[in-house]
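S.K.: After the structure tokens below, expect a handful of questions from me.
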Amino acid sequence: MTALSGYLMVTGGNVTGRSNALIKEGMVAKRVDAADRRSYQLRLTPKGRKIFEEIAAVHESWVISLFAGLAGADSKQLAGVLGRLRVSAAEASKSS
């Protein structure tokens, strides 16, 4: 859960709360990590995977429509800047 909270740049409590809700809804399964019994692994259930794929398709269409108004070079530059910003934010959250 610690790795997931770092990746998502949210608190551990946020990840725990959301994952517990997703488990209750049958979208995620939780199991003890065989390599580290203090840790858990979260996996999408078939129901969770189906819903994720539907949401991802809608999100992808939305992102494509946002970038549609940009010229090719502008789109590439924006994607690069946003990627660097994400890396910078992740590094900053590790040092906090």
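Convention: chains lettered A, B, ... in structure tokens order; per-chain residue numbering from 1; ligands numbered from 1 as shown.
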Name the residues of stretch 6-71 of chain A that fall into alpha helix (DSSP H) according to DSSP on the backbone, using the chain letters and numbers of this document, as an mmCIF file with all heavy atoms, in the first residue's frame.
M.R.:
```cif
data_model
loop_
_atom_site.group_PDB
_atom_site.id
_atom_site.type_symbol
_atom_site.label_atom_id
_atom_site.label_comp_id
_atom_site.auth_asym_id
_atom_site.auth_seq_id
_atom_site.Cartn_x
_atom_site.Cartn_y
_atom_site.Cartn_z
ATOM 1 N N GLY A 6 2.585 6.186 -2.817
ATOM 2 C CA GLY A 6 3.644 6.994 -3.417
ATOM 3 C C GLY A 6 3.428 7.202 -4.901
ATOM 4 O O GLY A 6 3.594 8.308 -5.422
ATOM 5 N N TYR A 7 3.032 6.147 -5.582
ATOM 6 C CA TYR A 7 2.791 6.236 -7.023
ATOM 7 C C TYR A 7 1.630 7.180 -7.333
ATOM 8 O O TYR A 7 1.686 7.963 -8.265
ATOM 9 C CB TYR A 7 2.515 4.844 -7.590
ATOM 10 C CG TYR A 7 2.261 4.827 -9.069
ATOM 11 C CD1 TYR A 7 3.314 4.957 -9.972
ATOM 12 C CD2 TYR A 7 0.983 4.710 -9.577
ATOM 13 C CE1 TYR A 7 3.095 4.955 -11.336
ATOM 14 C CE2 TYR A 7 0.746 4.708 -10.936
ATOM 15 C CZ TYR A 7 1.808 4.833 -11.815
ATOM 16 O OH TYR A 7 1.572 4.848 -13.162
ATOM 17 N N LEU A 8 0.585 7.097 -6.518
ATOM 18 C CA LEU A 8 -0.589 7.940 -6.734
ATOM 19 C C LEU A 8 -0.445 9.331 -6.129
ATOM 20 O O LEU A 8 -1.283 10.194 -6.360
ATOM 21 C CB LEU A 8 -1.834 7.262 -6.143
ATOM 22 C CG LEU A 8 -2.240 5.943 -6.776
ATOM 23 C CD1 LEU A 8 -3.375 5.306 -5.986
ATOM 24 C CD2 LEU A 8 -2.635 6.140 -8.236
ATOM 25 N N GLY A 12 -1.298 7.325 2.716
ATOM 26 C CA GLY A 12 -1.587 5.916 2.941
ATOM 27 C C GLY A 12 -3.022 5.709 3.403
ATOM 28 O O GLY A 12 -3.683 4.732 3.014
ATOM 29 N N GLY A 13 -3.522 6.622 4.215
ATOM 30 C CA GLY A 13 -4.897 6.535 4.677
ATOM 31 C C GLY A 13 -5.890 6.641 3.537
ATOM 32 O O GLY A 13 -6.924 5.962 3.523
ATOM 33 N N ASN A 14 -5.567 7.485 2.556
ATOM 34 C CA ASN A 14 -6.417 7.627 1.384
ATOM 35 C C ASN A 14 -6.472 6.323 0.605
ATOM 36 O O ASN A 14 -7.542 5.868 0.195
ATOM 37 C CB ASN A 14 -5.897 8.769 0.511
ATOM 38 C CG ASN A 14 -6.775 9.042 -0.689
ATOM 39 O OD1 ASN A 14 -6.664 8.346 -1.689
ATOM 40 N ND2 ASN A 14 -7.612 10.056 -0.574
ATOM 41 N N VAL A 15 -5.313 5.700 0.394
ATOM 42 C CA VAL A 15 -5.250 4.436 -0.338
ATOM 43 C C VAL A 15 -6.002 3.347 0.419
ATOM 44 O O VAL A 15 -6.762 2.577 -0.170
ATOM 45 C CB VAL A 15 -3.786 4.004 -0.602
ATOM 46 C CG1 VAL A 15 -3.706 2.581 -1.125
ATOM 47 C CG2 VAL A 15 -3.128 4.954 -1.575
ATOM 48 N N THR A 16 -5.813 3.292 1.719
ATOM 49 C CA THR A 16 -6.499 2.276 2.526
ATOM 50 C C THR A 16 -8.009 2.447 2.443
ATOM 51 O O THR A 16 -8.744 1.478 2.221
ATOM 52 C CB THR A 16 -6.030 2.349 3.995
ATOM 53 O OG1 THR A 16 -4.622 2.086 4.029
ATOM 54 C CG2 THR A 16 -6.764 1.346 4.859
ATOM 55 N N GLY A 17 -8.475 3.671 2.587
ATOM 56 C CA GLY A 17 -9.909 3.930 2.521
ATOM 57 C C GLY A 17 -10.511 3.580 1.177
ATOM 58 O O GLY A 17 -11.553 2.916 1.090
ATOM 59 N N ARG A 18 -9.844 4.003 0.108
ATOM 60 C CA ARG A 18 -10.353 3.712 -1.238
ATOM 61 C C ARG A 18 -10.277 2.222 -1.543
ATOM 62 O O ARG A 18 -11.201 1.656 -2.112
ATOM 63 C CB ARG A 18 -9.580 4.495 -2.302
ATOM 64 C CG ARG A 18 -9.886 5.959 -2.356
ATOM 65 C CD ARG A 18 -11.364 6.318 -2.521
ATOM 66 N NE ARG A 18 -12.025 5.556 -3.549
ATOM 67 C CZ ARG A 18 -13.289 5.140 -3.483
ATOM 68 N NH1 ARG A 18 -14.034 5.393 -2.435
ATOM 69 N NH2 ARG A 18 -13.833 4.445 -4.467
ATOM 70 N N SER A 19 -9.168 1.585 -1.170
ATOM 71 C CA SER A 19 -9.043 0.153 -1.475
ATOM 72 C C SER A 19 -10.076 -0.655 -0.691
ATOM 73 O O SER A 19 -10.668 -1.593 -1.233
ATOM 74 C CB SER A 19 -7.622 -0.355 -1.221
ATOM 75 O OG SER A 19 -7.258 -0.198 0.126
ATOM 76 N N ASN A 20 -10.331 -0.289 0.553
ATOM 77 C CA ASN A 20 -11.357 -0.989 1.327
ATOM 78 C C ASN A 20 -12.733 -0.846 0.684
ATOM 79 O O ASN A 20 -13.511 -1.801 0.646
ATOM 80 C CB ASN A 20 -11.383 -0.504 2.777
ATOM 81 C CG ASN A 20 -10.207 -1.011 3.576
ATOM 82 O OD1 ASN A 20 -9.537 -1.977 3.202
ATOM 83 N ND2 ASN A 20 -9.922 -0.360 4.695
ATOM 84 N N ALA A 21 -13.024 0.345 0.168
ATOM 85 C CA ALA A 21 -14.306 0.559 -0.516
ATOM 86 C C ALA A 21 -14.385 -0.288 -1.787
ATOM 87 O O ALA A 21 -15.424 -0.897 -2.079
ATOM 88 C CB ALA A 21 -14.494 2.032 -0.840
ATOM 89 N N LEU A 22 -13.282 -0.349 -2.546
ATOM 90 C CA LEU A 22 -13.269 -1.145 -3.779
ATOM 91 C C LEU A 22 -13.376 -2.643 -3.485
ATOM 92 O O LEU A 22 -14.006 -3.386 -4.240
ATOM 93 C CB LEU A 22 -12.005 -0.843 -4.587
ATOM 94 C CG LEU A 22 -11.944 0.561 -5.187
ATOM 95 C CD1 LEU A 22 -10.546 0.842 -5.735
ATOM 96 C CD2 LEU A 22 -12.997 0.735 -6.272
ATOM 97 N N ILE A 23 -12.783 -3.070 -2.389
ATOM 98 C CA ILE A 23 -12.903 -4.472 -1.963
ATOM 99 C C ILE A 23 -14.366 -4.771 -1.638
ATOM 100 O O ILE A 23 -14.924 -5.781 -2.081
ATOM 101 C CB ILE A 23 -11.985 -4.763 -0.759
ATOM 102 C CG1 ILE A 23 -10.519 -4.730 -1.194
ATOM 103 C CG2 ILE A 23 -12.333 -6.108 -0.118
ATOM 104 C CD1 ILE A 23 -9.529 -4.642 -0.044
ATOM 105 N N LYS A 24 -14.986 -3.893 -0.895
ATOM 106 C CA LYS A 24 -16.385 -4.071 -0.505
ATOM 107 C C LYS A 24 -17.300 -4.122 -1.728
ATOM 108 O O LYS A 24 -18.286 -4.851 -1.748
ATOM 109 C CB LYS A 24 -16.803 -2.931 0.432
ATOM 110 C CG LYS A 24 -18.127 -3.109 1.084
ATOM 111 C CD LYS A 24 -18.379 -1.999 2.103
ATOM 112 C CE LYS A 24 -19.665 -2.248 2.851
ATOM 113 N NZ LYS A 24 -19.897 -1.213 3.861
ATOM 114 N N PRO A 46 -12.291 -9.589 -11.918
ATOM 115 C CA PRO A 46 -12.856 -9.455 -13.269
ATOM 116 C C PRO A 46 -13.851 -8.286 -13.372
ATOM 117 O O PRO A 46 -13.834 -7.541 -14.357
ATOM 118 C CB PRO A 46 -13.530 -10.806 -13.505
ATOM 119 C CG PRO A 46 -12.697 -11.758 -12.697
ATOM 120 C CD PRO A 46 -12.343 -10.973 -11.445
ATOM 121 N N LYS A 47 -14.678 -8.111 -12.353
ATOM 122 C CA LYS A 47 -15.618 -6.990 -12.336
ATOM 123 C C LYS A 47 -14.855 -5.660 -12.341
ATOM 124 O O LYS A 47 -15.190 -4.743 -13.091
ATOM 125 C CB LYS A 47 -16.505 -7.072 -11.091
ATOM 126 C CG LYS A 47 -17.443 -5.905 -10.915
ATOM 127 C CD LYS A 47 -18.232 -6.026 -9.617
ATOM 128 C CE LYS A 47 -19.100 -4.812 -9.375
ATOM 129 N NZ LYS A 47 -19.844 -4.911 -8.106
ATOM 130 N N GLY A 48 -13.811 -5.559 -11.521
ATOM 131 C CA GLY A 48 -13.009 -4.344 -11.459
ATOM 132 C C GLY A 48 -12.295 -4.057 -12.758
ATOM 133 O O GLY A 48 -12.217 -2.911 -13.206
ATOM 134 N N ARG A 49 -11.774 -5.097 -13.410
ATOM 135 C CA ARG A 49 -11.075 -4.924 -14.693
ATOM 136 C C ARG A 49 -12.040 -4.416 -15.758
ATOM 137 O O ARG A 49 -11.709 -3.522 -16.535
ATOM 138 C CB ARG A 49 -10.419 -6.223 -15.145
ATOM 139 C CG ARG A 49 -9.669 -6.058 -16.461
ATOM 140 C CD ARG A 49 -8.647 -7.132 -16.701
ATOM 141 N NE ARG A 49 -7.689 -7.305 -15.655
ATOM 142 C CZ ARG A 49 -6.627 -6.506 -15.428
ATOM 143 N NH1 ARG A 49 -6.432 -5.450 -16.186
ATOM 144 N NH2 ARG A 49 -5.791 -6.760 -14.453
ATOM 145 N N LYS A 50 -13.242 -4.965 -15.796
ATOM 146 C CA LYS A 50 -14.243 -4.542 -16.787
ATOM 147 C C LYS A 50 -14.578 -3.065 -16.597
ATOM 148 O O LYS A 50 -14.595 -2.290 -17.560
ATOM 149 C CB LYS A 50 -15.502 -5.396 -16.657
ATOM 150 C CG LYS A 50 -16.600 -5.050 -17.638
ATOM 151 C CD LYS A 50 -17.797 -5.979 -17.449
ATOM 152 C CE LYS A 50 -18.885 -5.734 -18.459
ATOM 153 N NZ LYS A 50 -19.606 -4.507 -18.295
ATOM 154 N N ILE A 51 -14.827 -2.666 -15.363
ATOM 155 C CA ILE A 51 -15.166 -1.267 -15.085
ATOM 156 C C ILE A 51 -13.976 -0.359 -15.389
ATOM 157 O O ILE A 51 -14.128 0.714 -15.978
ATOM 158 C CB ILE A 51 -15.662 -1.103 -13.639
ATOM 159 C CG1 ILE A 51 -17.021 -1.796 -13.503
ATOM 160 C CG2 ILE A 51 -15.742 0.362 -13.236
ATOM 161 C CD1 ILE A 51 -17.525 -1.910 -12.089
ATOM 162 N N PHE A 52 -12.766 -0.804 -15.017
ATOM 163 C CA PHE A 52 -11.571 -0.011 -15.304
ATOM 164 C C PHE A 52 -11.419 0.215 -16.808
ATOM 165 O O PHE A 52 -11.132 1.331 -17.254
ATOM 166 C CB PHE A 52 -10.314 -0.685 -14.753
ATOM 167 C CG PHE A 52 -9.055 -0.010 -15.209
ATOM 168 C CD1 PHE A 52 -8.630 1.159 -14.606
ATOM 169 C CD2 PHE A 52 -8.320 -0.520 -16.272
ATOM 170 C CE1 PHE A 52 -7.487 1.814 -15.054
ATOM 171 C CE2 PHE A 52 -7.180 0.124 -16.716
ATOM 172 C CZ PHE A 52 -6.765 1.287 -16.109
ATOM 173 N N GLU A 53 -11.604 -0.834 -17.596
ATOM 174 C CA GLU A 53 -11.451 -0.704 -19.049
ATOM 175 C C GLU A 53 -12.467 0.265 -19.631
ATOM 176 O O GLU A 53 -12.152 1.041 -20.530
ATOM 177 C CB GLU A 53 -11.543 -2.077 -19.710
ATOM 178 C CG GLU A 53 -10.312 -2.922 -19.433
ATOM 179 C CD GLU A 53 -10.429 -4.370 -19.878
ATOM 180 O OE1 GLU A 53 -11.512 -4.777 -20.361
ATOM 181 O OE2 GLU A 53 -9.432 -5.104 -19.737
ATOM 182 N N GLU A 54 -13.690 0.249 -19.097
ATOM 183 C CA GLU A 54 -14.710 1.193 -19.566
ATOM 184 C C GLU A 54 -14.319 2.631 -19.216
ATOM 185 O O GLU A 54 -14.417 3.528 -20.054
ATOM 186 C CB GLU A 54 -16.068 0.850 -18.942
ATOM 187 C CG GLU A 54 -16.651 -0.453 -19.438
ATOM 188 C CD GLU A 54 -17.854 -0.929 -18.617
ATOM 189 O OE1 GLU A 54 -18.266 -0.216 -17.675
ATOM 190 O OE2 GLU A 54 -18.381 -2.015 -18.931
ATOM 191 N N ILE A 55 -13.883 2.834 -17.984
ATOM 192 C CA ILE A 55 -13.490 4.177 -17.545
ATOM 193 C C ILE A 55 -12.258 4.651 -18.317
ATOM 194 O O ILE A 55 -12.175 5.814 -18.730
ATOM 195 C CB ILE A 55 -13.223 4.188 -16.026
ATOM 196 C CG1 ILE A 55 -14.537 3.972 -15.269
ATOM 197 C CG2 ILE A 55 -12.552 5.489 -15.589
ATOM 198 C CD1 ILE A 55 -14.358 3.708 -13.788
ATOM 199 N N ALA A 56 -11.295 3.762 -18.521
ATOM 200 C CA ALA A 56 -10.063 4.134 -19.234
ATOM 201 C C ALA A 56 -10.365 4.562 -20.666
ATOM 202 O O ALA A 56 -9.755 5.514 -21.171
ATOM 203 C CB ALA A 56 -9.076 2.970 -19.214
ATOM 204 N N ALA A 57 -11.302 3.895 -21.317
ATOM 205 C CA ALA A 57 -11.653 4.254 -22.693
ATOM 206 C C ALA A 57 -12.268 5.657 -22.742
ATOM 207 O O ALA A 57 -11.933 6.469 -23.624
ATOM 208 C CB ALA A 57 -12.611 3.227 -23.278
ATOM 209 N N VAL A 58 -13.150 5.964 -21.798
ATOM 210 C CA VAL A 58 -13.761 7.295 -21.742
ATOM 211 C C VAL A 58 -12.688 8.347 -21.448
ATOM 212 O O VAL A 58 -12.644 9.415 -22.075
ATOM 213 C CB VAL A 58 -14.885 7.337 -20.681
ATOM 214 C CG1 VAL A 58 -15.365 8.756 -20.447
ATOM 215 C CG2 VAL A 58 -16.035 6.430 -21.091
ATOM 216 N N HIS A 59 -11.803 8.042 -20.504
ATOM 217 C CA HIS A 59 -10.730 8.975 -20.152
ATOM 218 C C HIS A 59 -9.809 9.224 -21.342
ATOM 219 O O HIS A 59 -9.433 10.377 -21.623
ATOM 220 C CB HIS A 59 -9.936 8.424 -18.967
ATOM 221 C CG HIS A 59 -8.821 9.304 -18.542
ATOM 222 N ND1 HIS A 59 -9.019 10.485 -17.872
ATOM 223 C CD2 HIS A 59 -7.484 9.188 -18.725
ATOM 224 C CE1 HIS A 59 -7.854 11.060 -17.647
ATOM 225 N NE2 HIS A 59 -6.906 10.299 -18.149
ATOM 226 N N GLU A 60 -9.448 8.167 -22.044
ATOM 227 C CA GLU A 60 -8.571 8.317 -23.210
ATOM 228 C C GLU A 60 -9.215 9.223 -24.259
ATOM 229 O O GLU A 60 -8.556 10.106 -24.813
ATOM 230 C CB GLU A 60 -8.252 6.955 -23.822
ATOM 231 C CG GLU A 60 -7.333 7.050 -25.023
ATOM 232 C CD GLU A 60 -7.013 5.705 -25.641
ATOM 233 O OE1 GLU A 60 -7.780 4.736 -25.451
ATOM 234 O OE2 GLU A 60 -5.978 5.617 -26.338
ATOM 235 N N SER A 61 -10.500 9.046 -24.511
ATOM 236 C CA SER A 61 -11.201 9.896 -25.477
ATOM 237 C C SER A 61 -11.179 11.351 -25.033
ATOM 238 O O SER A 61 -10.996 12.265 -25.850
ATOM 239 C CB SER A 61 -12.647 9.441 -25.637
ATOM 240 O OG SER A 61 -12.702 8.161 -26.211
ATOM 241 N N TRP A 62 -11.359 11.572 -23.725
ATOM 242 C CA TRP A 62 -11.348 12.920 -23.181
ATOM 243 C C TRP A 62 -9.973 13.561 -23.368
ATOM 244 O O TRP A 62 -9.871 14.714 -23.804
ATOM 245 C CB TRP A 62 -11.752 12.861 -21.700
ATOM 246 C CG TRP A 62 -11.701 14.178 -21.000
ATOM 247 C CD1 TRP A 62 -12.548 15.234 -21.170
ATOM 248 C CD2 TRP A 62 -10.747 14.580 -20.017
ATOM 249 N NE1 TRP A 62 -12.181 16.273 -20.336
ATOM 250 C CE2 TRP A 62 -11.078 15.897 -19.615
ATOM 251 C CE3 TRP A 62 -9.661 13.955 -19.424
ATOM 252 C CZ2 TRP A 62 -10.356 16.595 -18.669
ATOM 253 C CZ3 TRP A 62 -8.942 14.650 -18.471
ATOM 254 C CH2 TRP A 62 -9.283 15.953 -18.105
ATOM 255 N N VAL A 63 -8.911 12.827 -23.064
ATOM 256 C CA VAL A 63 -7.553 13.363 -23.212
ATOM 257 C C VAL A 63 -7.259 13.658 -24.680
ATOM 258 O O VAL A 63 -6.699 14.718 -25.013
ATOM 259 C CB VAL A 63 -6.505 12.396 -22.618
ATOM 260 C CG1 VAL A 63 -5.088 12.825 -22.972
ATOM 261 C CG2 VAL A 63 -6.667 12.300 -21.107
ATOM 262 N N ILE A 64 -7.651 12.771 -25.569
ATOM 263 C CA ILE A 64 -7.443 12.994 -27.005
ATOM 264 C C ILE A 64 -8.155 14.264 -27.456
ATOM 265 O O ILE A 64 -7.599 15.070 -28.212
ATOM 266 C CB ILE A 64 -7.892 11.761 -27.811
ATOM 267 C CG1 ILE A 64 -6.905 10.613 -27.596
ATOM 268 C CG2 ILE A 64 -8.021 12.089 -29.295
ATOM 269 C CD1 ILE A 64 -7.374 9.267 -28.114
ATOM 270 N N SER A 65 -9.376 14.469 -26.959
ATOM 271 C CA SER A 65 -10.109 15.676 -27.354
ATOM 272 C C SER A 65 -9.436 16.938 -26.803
ATOM 273 O O SER A 65 -9.462 17.990 -27.453
ATOM 274 C CB SER A 65 -11.572 15.597 -26.920
ATOM 275 O OG SER A 65 -11.696 15.706 -25.524
ATOM 276 N N LEU A 66 -8.838 16.852 -25.615
ATOM 277 C CA LEU A 66 -8.124 18.008 -25.059
ATOM 278 C C LEU A 66 -6.917 18.373 -25.913
ATOM 279 O O LEU A 66 -6.633 19.552 -26.136
ATOM 280 C CB LEU A 66 -7.656 17.715 -23.633
ATOM 281 C CG LEU A 66 -8.701 17.692 -22.542
ATOM 282 C CD1 LEU A 66 -8.069 17.298 -21.209
ATOM 283 C CD2 LEU A 66 -9.379 19.045 -22.407
ATOM 284 N N PHE A 67 -6.195 17.373 -26.382
ATOM 285 C CA PHE A 67 -4.989 17.605 -27.170
ATOM 286 C C PHE A 67 -5.303 17.923 -28.636
ATOM 287 O O PHE A 67 -4.436 18.385 -29.365
ATOM 288 C CB PHE A 67 -4.055 16.397 -27.092
ATOM 289 C CG PHE A 67 -3.208 16.358 -25.843
ATOM 290 C CD1 PHE A 67 -3.758 16.037 -24.619
ATOM 291 C CD2 PHE A 67 -1.854 16.651 -25.905
ATOM 292 C CE1 PHE A 67 -2.996 15.997 -23.465
ATOM 293 C CE2 PHE A 67 -1.068 16.622 -24.756
ATOM 294 C CZ PHE A 67 -1.648 16.294 -23.543
#
```
S.K.: Residues near stretch 87-90 of chain A, anyone? I mean within 8 Å using only C-alpha atoms, not counting same-chain ones fewer than 3 positions away, as number ranges by chain.
M.R.: A: 6-7, 9, 83-84, 93-94
S.K.: Atom CA of A:Ser95 to atom CA of A:Ala34: how many Å, to one decimal?
M.R.: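 A separation of 28.7 Å between them.
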S.K.: I'd like to know which residues of chain A are strand (DSSP E or B) (by DSSP, run on the backbone); could you write them as a list in words?
M.R.: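 Taking chain A and keeping strand (DSSP E or B) only, one gets Val28, Ala29, Lys30, Arg31, Val32, Tyr40, Gln41, Leu42, Arg43 and Leu44 of chain A.
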S.K.: May I ask which of the residues A:Leu70, A:Val81, A:Ala92, A:Leu4 is the closest one to A:Arg43, counting only C-alpha atoms?
M.R.: A:Leu4
S.K.: For A:Leu44, please output as a CSV table (one decimal) with N, CA and C atoms, in the first residue's frame all residues within 7 Å (counting only C-alpha atoms; exclusion window: fewer than 6 positions along the same chain).
M.R.:
```
chain,number,residue,atom,x,y,z
A,27,MET,N,-14.6,-5.0,-6.6
A,27,MET,CA,-13.8,-4.6,-7.7
A,27,MET,C,-12.3,-4.9,-7.5
A,28,VAL,N,-11.9,-5.1,-6.3
A,28,VAL,CA,-10.5,-5.3,-5.9
A,28,VAL,C,-10.4,-6.5,-4.9
A,29,ALA,N,-9.4,-7.3,-5.0
A,29,ALA,CA,-9.1,-8.4,-4.1
A,29,ALA,C,-7.8,-8.0,-3.4
```
